[in-house]
Amino acid sequence: MNKNSLYNIFIENDSVFAFVKAFLAVLSAFILVYFILLVTGYRPLPVYSALFQGAFGSRRGFGETLLSTTPLLFSGLGFALAYRCGLFNIGLEGQITMGGIAAAFFGFIIPEINPFIHVLICISAGALAGGMWGFIPGYLKAKFGVHEVISVIMLNHIAFKFAAYLVSMQGPMKDKIDDMPASPVISESAKIVRIVSRTRLHWGIFLGIVIAVLVWFLLFRLRLGFKIRAVGKNPYAAEAAGISIKKHIIITLSLSGALGGLAGAVEILGVHYRLFAAFSPGYGFDAIAVALLGMVNPIGIIASSFLFGILRSGSVFMQAMYGVNKDMVSVITAIIVFFMGMSIPIGILIKDRIKRKNHGLDV
Amino acid sequence: MAVIIKMENIIKSFPGVLANNNITLEIEEGEILCLLGENGAGKSTLMNILYGLYCHDQGNIYIKGEKVEFSGPGDAIDRGIGMVHQHFMLVPVFTVLENLILGSELVKGLSLDLLRSKKELEEISSRYGMEMNLDAYVRDISVGMQQRVEILKLLYRGADIMIFDEPTAILTPQEINELYKIMESLRKKGKTIIFITHKLKEVMEISDRVVVLRDGKVIEAVETKTTNVKELAQMMVGREVLFKTEKPDTKTGREILHVDNIYALNKRRLPALKGLSLNVSAGEVVGVAGIDGNGQTELVEVLTGLRKIGSGSILIDGINMENRKSGEFLDAGTAHIPEDRLLRGLILDFPLYENLILGYEDKKPFAKGIFLDFNAARDWAKKLIDKFDIRTAGVNVNAGTLSGGNQQKAVIARELQRNPKILIASQPTRGLDVGAIEFVHEKIMDAKKDNRAILLVSLELSEIMNLSDRILVIYEGKIIAEFKGGEVTEAEIGLMMAGGHR
Ligand SMILES: Nc1ncnc2c1ncn2[C@@H]1O[C@H](COP(=O)(O)OP(=O)(O)OP(=O)(O)O)[C@@H](O)[C@H]1O
Ligand SMILES: [Mg+2]
């Protein structure tokens, strides 16, 4: 077989194919939004250039890009892990919230101690709280057959209201000193250290990359991951092979929730330093787009979370420069998700076309 | 007779496999043509090309002398070609009628003209002797009926050339007879039929002509009248096939499986097993014969931990298996060849090597602490591929790309390799070619020689007669008769299968 020809690389290597597919989805989104901008009376090219200038143009801007990348990376991994087990965890926003609450609590309740230990405690508490918020829907699904989408939507709302209550005027976590609806500021030793001066960028991004690699290992090298994927792809065959569907649903949703909890914890300890009611601006929902664009592969998700980080941080500058509402990037996000959904049938079509045409006599 | 389809020098390759190697095939109008060939010979591929699902690399297709190029099944359907795949493509929650008109709806204003479609369909179905209830939900009708829906769908869309890919593999003998009648009446009305099967008796019974494929090439094209079963088998596999397995004389040992008075529900929560008892000893093959739907599926599920029992007891080598899960059944020493390889047997999106270690992931040498050793898995897969003659481009291809028979061989290989105390085999040779059937039967006999207990559930009476030391007849969820192998005729068993003396 002619190994060197481009189409062979394109077709036979699934990850290359996946990459091309994701790239096309992003490209089409930008092209479509180009026309939307045009129709709504903006000059698209300067707007786009402002978007990227905002994201890369300055040290601060680039720091902000990586800063938004971080929670997206964690939550994208969380969504992907559940997705691999055939579960649709749209509860990450609630799991992030719970993680943030727990991290903030241990952040201010414990006085100054060894920073490494303090951060470790807060992060673990966050992961645990998020994990709890994933365990509940997992348990409900395994025991009573409650669809996870229903239960996590409810759990999302419980988490939002719970956080709002905690920092409300009568709330138990409300800061007594100032008037903000927020918790006390966490101890110095609970703050995740910043990496670069004059930016808010902190070490969380590296933790995210380490976790991404770990999730990759979990999925593709560990026995547990093999079973999770088996349950996700064909629960009937997995069950016949002695793999417990229920057990793995519970484990996977708990781990997925824990990843959301990590996102929340890192966000509180690295950025806000205190708990606000809605401290996460929808990272848990963007996680879906991040995971799908990253082909639900941890390594792909590192790249896709970076792209969404760019969109988030650049959009502020874009809005400031040209008055384009920064929600325009949500349109881009939505179109990307749409094309990734479409690209499954389209991808098969293209792949088949090329296969049909080009797979000649070289066997 | 006129040649209606000509496929000329068709070449089709997949990565690592040449599935069709320069095939030329002529189909005459109004004939029933059988495509015969080993597992992986390229039959399904060739027919998928004709149906426009795959595009060939080289070669030409002519319909009624006119060259055609299909870019999808839609084009083939427009040209009057229809195909019933082995795995039906119906929507279970729709009624028969809704399934039939799906994709070719008659529209009246904004609403569907269901009444007109219904009239038309009723007319077609009675013309071909395929009466059925158009308002029943597909999920509620039998497999045989579902197949009729597929056939009706083709007729409704005006197909003149009908391709059936292994239509009889999942049917009961009764349903097969009815299918023959339908095929006859289709032919009488001038339809052309291409029929893929592994059952040589069927070929002799129903076809006008046989084309034998091997390794992607046409080996022979003969008039059915001029050949016989033995010769066909020889052409297919390139050697003589015996059709009778040597039954080794082994002493039966201790009782391995003991099932006492079990009750269980089916998936619709209706009683399926009603006080069933049986036992199987080491070194013994016990066959369960019966008409489909008498509790076989539930029996196998109950014995593999996939379905709960209401009451009664199951012992495996003396261990009480009440309320145990599937994993615990495996640990206790069962292996399970499921009746539906696509549902329970394989994960089609997983590579072959991952499929071949399903259920082994916690065992040595694959389990290394919390890790799974995928290199060990690949080596293991290569060994099984050799040992069981699984035809595949390699261990890394997805199980879904294997031919039907080779998928089945993969499942059998994995399960036999567990070295079970008891093998629960349900329809183990479904979709296999005669050579592979012989091979699998030998393997089952080897297992018997190794002193394993074997429970064989099959709709193929000949398979049961051929292999079993004892034959049990299952009827309405109970064992109603027991025979010693070799001391009973098919007719006697057949009578019991229908409920005995009534
Ligand atoms: N989609 C595919 N991708 C890759 N290889 C394929 C694909 N479909 C079929 N093959 C390969 O092509 C060869 C022929 O397969 P095909 O399904 O045509 O066999 P078959 O004659 O129908 O066999 P069986 O009797 O087992 O159904 C096999 O080696 C199979 O592995
Ligand atoms: Mg086939």
# chains A, B, ... in the order shown; residues from 1 in each chain; ligands from 1
>>> residues_near_ligand(ligand="ligand 2", cutoff="8 Å", atoms="only C-alpha atoms and all ligand atoms", output="list in words")
Asn39, Gly40, Gly42, Lys43, Ser44, Thr45, Asp165, Glu166, Ile196, Ser403, Gly404 and Gly405 of chain B
>>> write_last_selection(atoms="C-alpha atoms", output="PDB file, in the first residue's frame")
ATOM      1  CA  ASN B  39     -16.904 -16.228   5.386  1.00  0.00           C
ATOM      2  CA  GLY B  40     -15.112 -13.196   4.094  1.00  0.00           C
ATOM      3  CA  GLY B  42     -16.704 -10.948  -0.519  1.00  0.00           C
ATOM      4  CA  LYS B  43     -20.411 -11.684  -0.994  1.00  0.00           C
ATOM      5  CA  SER B  44     -21.795  -8.864   1.119  1.00  0.00           C
ATOM      6  CA  THR B  45     -19.290  -6.462  -0.361  1.00  0.00           C
ATOM      7  CA  ASP B 165     -28.168 -11.069   2.531  1.00  0.00           C
ATOM      8  CA  GLU B 166     -28.397 -14.209   4.665  1.00  0.00           C
ATOM      9  CA  ILE B 196     -26.837 -15.095  -0.024  1.00  0.00           C
ATOM     10  CA  SER B 403     -17.475 -10.130   7.652  1.00  0.00           C
ATOM     11  CA  GLY B 404     -20.421 -11.564   9.568  1.00  0.00           C
ATOM     12  CA  GLY B 405     -18.971 -15.046   9.832  1.00  0.00           C
TER      13      GLY B 405
END
>>> residues_around(residues="segment 44-54 of chain A", least_positions_apart="6", cutoff="10 Å", atoms="only C-alpha atoms", output="number ranges by chain")
A: 30-31, 33-38, 60-62, 64-65, 310-324, 326, 329
>>> residues_near_ligand(ligand="ligand 1", cutoff="8 Å", atoms="only C-alpha atoms and all ligand atoms", output="count of residues only")
38
>>> interface_residues(of="chain B", to="chain A", cutoff="6 Å", atoms="only C-alpha atoms", output="list in words")
Gly16, Cys55, Asp57, Ser326, Gly327, Arg344, Gly345, Leu346, Ile347, Leu358, Gly359, Ile370, Phe371 and Leu372 of chain B
>>> write_last_selection(atoms="all heavy atoms", output="short mmCIF file (atom, residue, chain, number, x, y, z; two decimals), in the first residue's frame")
data_model
loop_
_atom_site.label_atom_id
_atom_site.label_comp_id
_atom_site.auth_asym_id
_atom_site.auth_seq_id
_atom_site.Cartn_x
_atom_site.Cartn_y
_atom_site.Cartn_z
N GLY B 16 -5.89 -3.15 3.42
CA GLY B 16 -5.35 -4.44 3.79
C GLY B 16 -6.08 -5.66 3.25
O GLY B 16 -5.63 -6.77 3.44
N CYS B 55 -18.65 1.97 -3.33
CA CYS B 55 -18.27 2.29 -4.69
C CYS B 55 -17.09 1.39 -5.04
O CYS B 55 -16.13 1.31 -4.28
CB CYS B 55 -17.89 3.76 -4.77
SG CYS B 55 -17.38 4.28 -6.36
N ASP B 57 -13.71 0.03 -6.95
CA ASP B 57 -12.52 0.72 -7.42
C ASP B 57 -12.44 0.65 -8.94
O ASP B 57 -12.03 1.60 -9.59
CB ASP B 57 -11.26 0.06 -6.84
CG ASP B 57 -11.33 -0.06 -5.33
OD1 ASP B 57 -11.98 0.79 -4.71
OD2 ASP B 57 -10.74 -1.01 -4.78
N SER B 326 -23.16 -11.13 36.09
CA SER B 326 -22.51 -11.81 34.96
C SER B 326 -21.04 -12.08 35.24
O SER B 326 -20.53 -13.14 34.88
CB SER B 326 -22.68 -10.98 33.69
OG SER B 326 -22.24 -9.66 33.89
N GLY B 327 -20.37 -11.13 35.87
CA GLY B 327 -18.95 -11.32 36.15
C GLY B 327 -18.69 -12.51 37.06
O GLY B 327 -17.72 -13.24 36.90
N ARG B 344 -24.61 -8.75 22.12
CA ARG B 344 -23.92 -9.17 23.32
C ARG B 344 -22.47 -9.58 23.10
O ARG B 344 -21.71 -9.70 24.05
CB ARG B 344 -24.65 -10.37 23.94
CG ARG B 344 -26.00 -10.06 24.54
CD ARG B 344 -25.87 -9.44 25.91
NE ARG B 344 -27.17 -9.35 26.58
CZ ARG B 344 -27.35 -8.66 27.71
NH1 ARG B 344 -26.34 -8.02 28.27
NH2 ARG B 344 -28.53 -8.60 28.27
N GLY B 345 -22.12 -9.84 21.85
CA GLY B 345 -20.84 -10.47 21.63
C GLY B 345 -19.69 -9.51 21.40
O GLY B 345 -18.59 -9.71 21.87
N LEU B 346 -19.95 -8.44 20.65
CA LEU B 346 -18.85 -7.61 20.18
C LEU B 346 -19.14 -6.13 20.41
O LEU B 346 -20.29 -5.72 20.50
CB LEU B 346 -18.64 -7.81 18.68
CG LEU B 346 -18.16 -9.18 18.23
CD1 LEU B 346 -18.26 -9.29 16.72
CD2 LEU B 346 -16.74 -9.46 18.68
N ILE B 347 -18.06 -5.38 20.48
CA ILE B 347 -18.18 -3.92 20.46
C ILE B 347 -17.63 -3.50 19.10
O ILE B 347 -16.43 -3.52 18.87
CB ILE B 347 -17.39 -3.30 21.62
CG1 ILE B 347 -17.96 -3.82 22.95
CG2 ILE B 347 -17.46 -1.78 21.55
CD1 ILE B 347 -17.22 -3.35 24.17
N LEU B 358 -12.21 -8.91 25.84
CA LEU B 358 -13.38 -8.57 26.65
C LEU B 358 -13.63 -9.67 27.67
O LEU B 358 -13.73 -10.85 27.32
CB LEU B 358 -14.62 -8.44 25.77
CG LEU B 358 -14.99 -7.07 25.25
CD1 LEU B 358 -16.27 -7.18 24.43
CD2 LEU B 358 -15.15 -6.07 26.37
N GLY B 359 -13.71 -9.28 28.92
CA GLY B 359 -13.92 -10.28 29.96
C GLY B 359 -12.62 -10.86 30.49
O GLY B 359 -12.62 -11.64 31.42
N ILE B 370 -3.02 -1.65 37.85
CA ILE B 370 -4.21 -0.96 37.35
C ILE B 370 -4.16 -0.81 35.84
O ILE B 370 -5.11 -0.38 35.21
CB ILE B 370 -4.38 0.43 38.00
CG1 ILE B 370 -3.16 1.31 37.73
CG2 ILE B 370 -4.62 0.30 39.50
CD1 ILE B 370 -3.38 2.77 38.13
N PHE B 371 -3.04 -1.21 35.23
CA PHE B 371 -2.89 -1.03 33.79
C PHE B 371 -3.37 -2.24 33.02
O PHE B 371 -3.51 -3.34 33.56
CB PHE B 371 -1.42 -0.77 33.44
CG PHE B 371 -0.96 0.58 33.87
CD1 PHE B 371 -0.37 0.76 35.12
CD2 PHE B 371 -1.12 1.68 33.04
CE1 PHE B 371 0.05 2.01 35.52
CE2 PHE B 371 -0.71 2.94 33.43
CZ PHE B 371 -0.12 3.11 34.68
N LEU B 372 -3.61 -2.00 31.76
CA LEU B 372 -3.96 -3.08 30.85
C LEU B 372 -2.83 -3.16 29.82
O LEU B 372 -2.45 -2.14 29.25
CB LEU B 372 -5.29 -2.73 30.17
CG LEU B 372 -6.10 -3.83 29.52
CD1 LEU B 372 -6.39 -4.94 30.50
CD2 LEU B 372 -7.41 -3.26 29.01
#
>>> select_by_dssp(residues="segment 56-151 of chain B", states="strand (DSSP E or B)", output="JSON, numbers by chain")
{"B": [58, 59, 60, 61, 62, 63, 66, 67, 68, 81, 82, 83, 84, 95, 107, 108, 111, 112, 137]}
>>> select_by_dssp(residues="segment 95-171 of chain A", states="alpha helix (DSSP H)", output="PyMOL selection string")
chain A and resi 95-109+115-144+148-166
>>> residues_around(residues="Asn451 of chain B", least_positions_apart="5", cutoff="10 Å", atoms="only C-alpha atoms", output="PyMOL selection string")
chain B and resi 250-254+281-284+420-422+445-446
>>> atom_distance(atom1="atom CA of Glu205 of chain B", atom2="atom CA of Leu179 of chain B")
12.3 Å
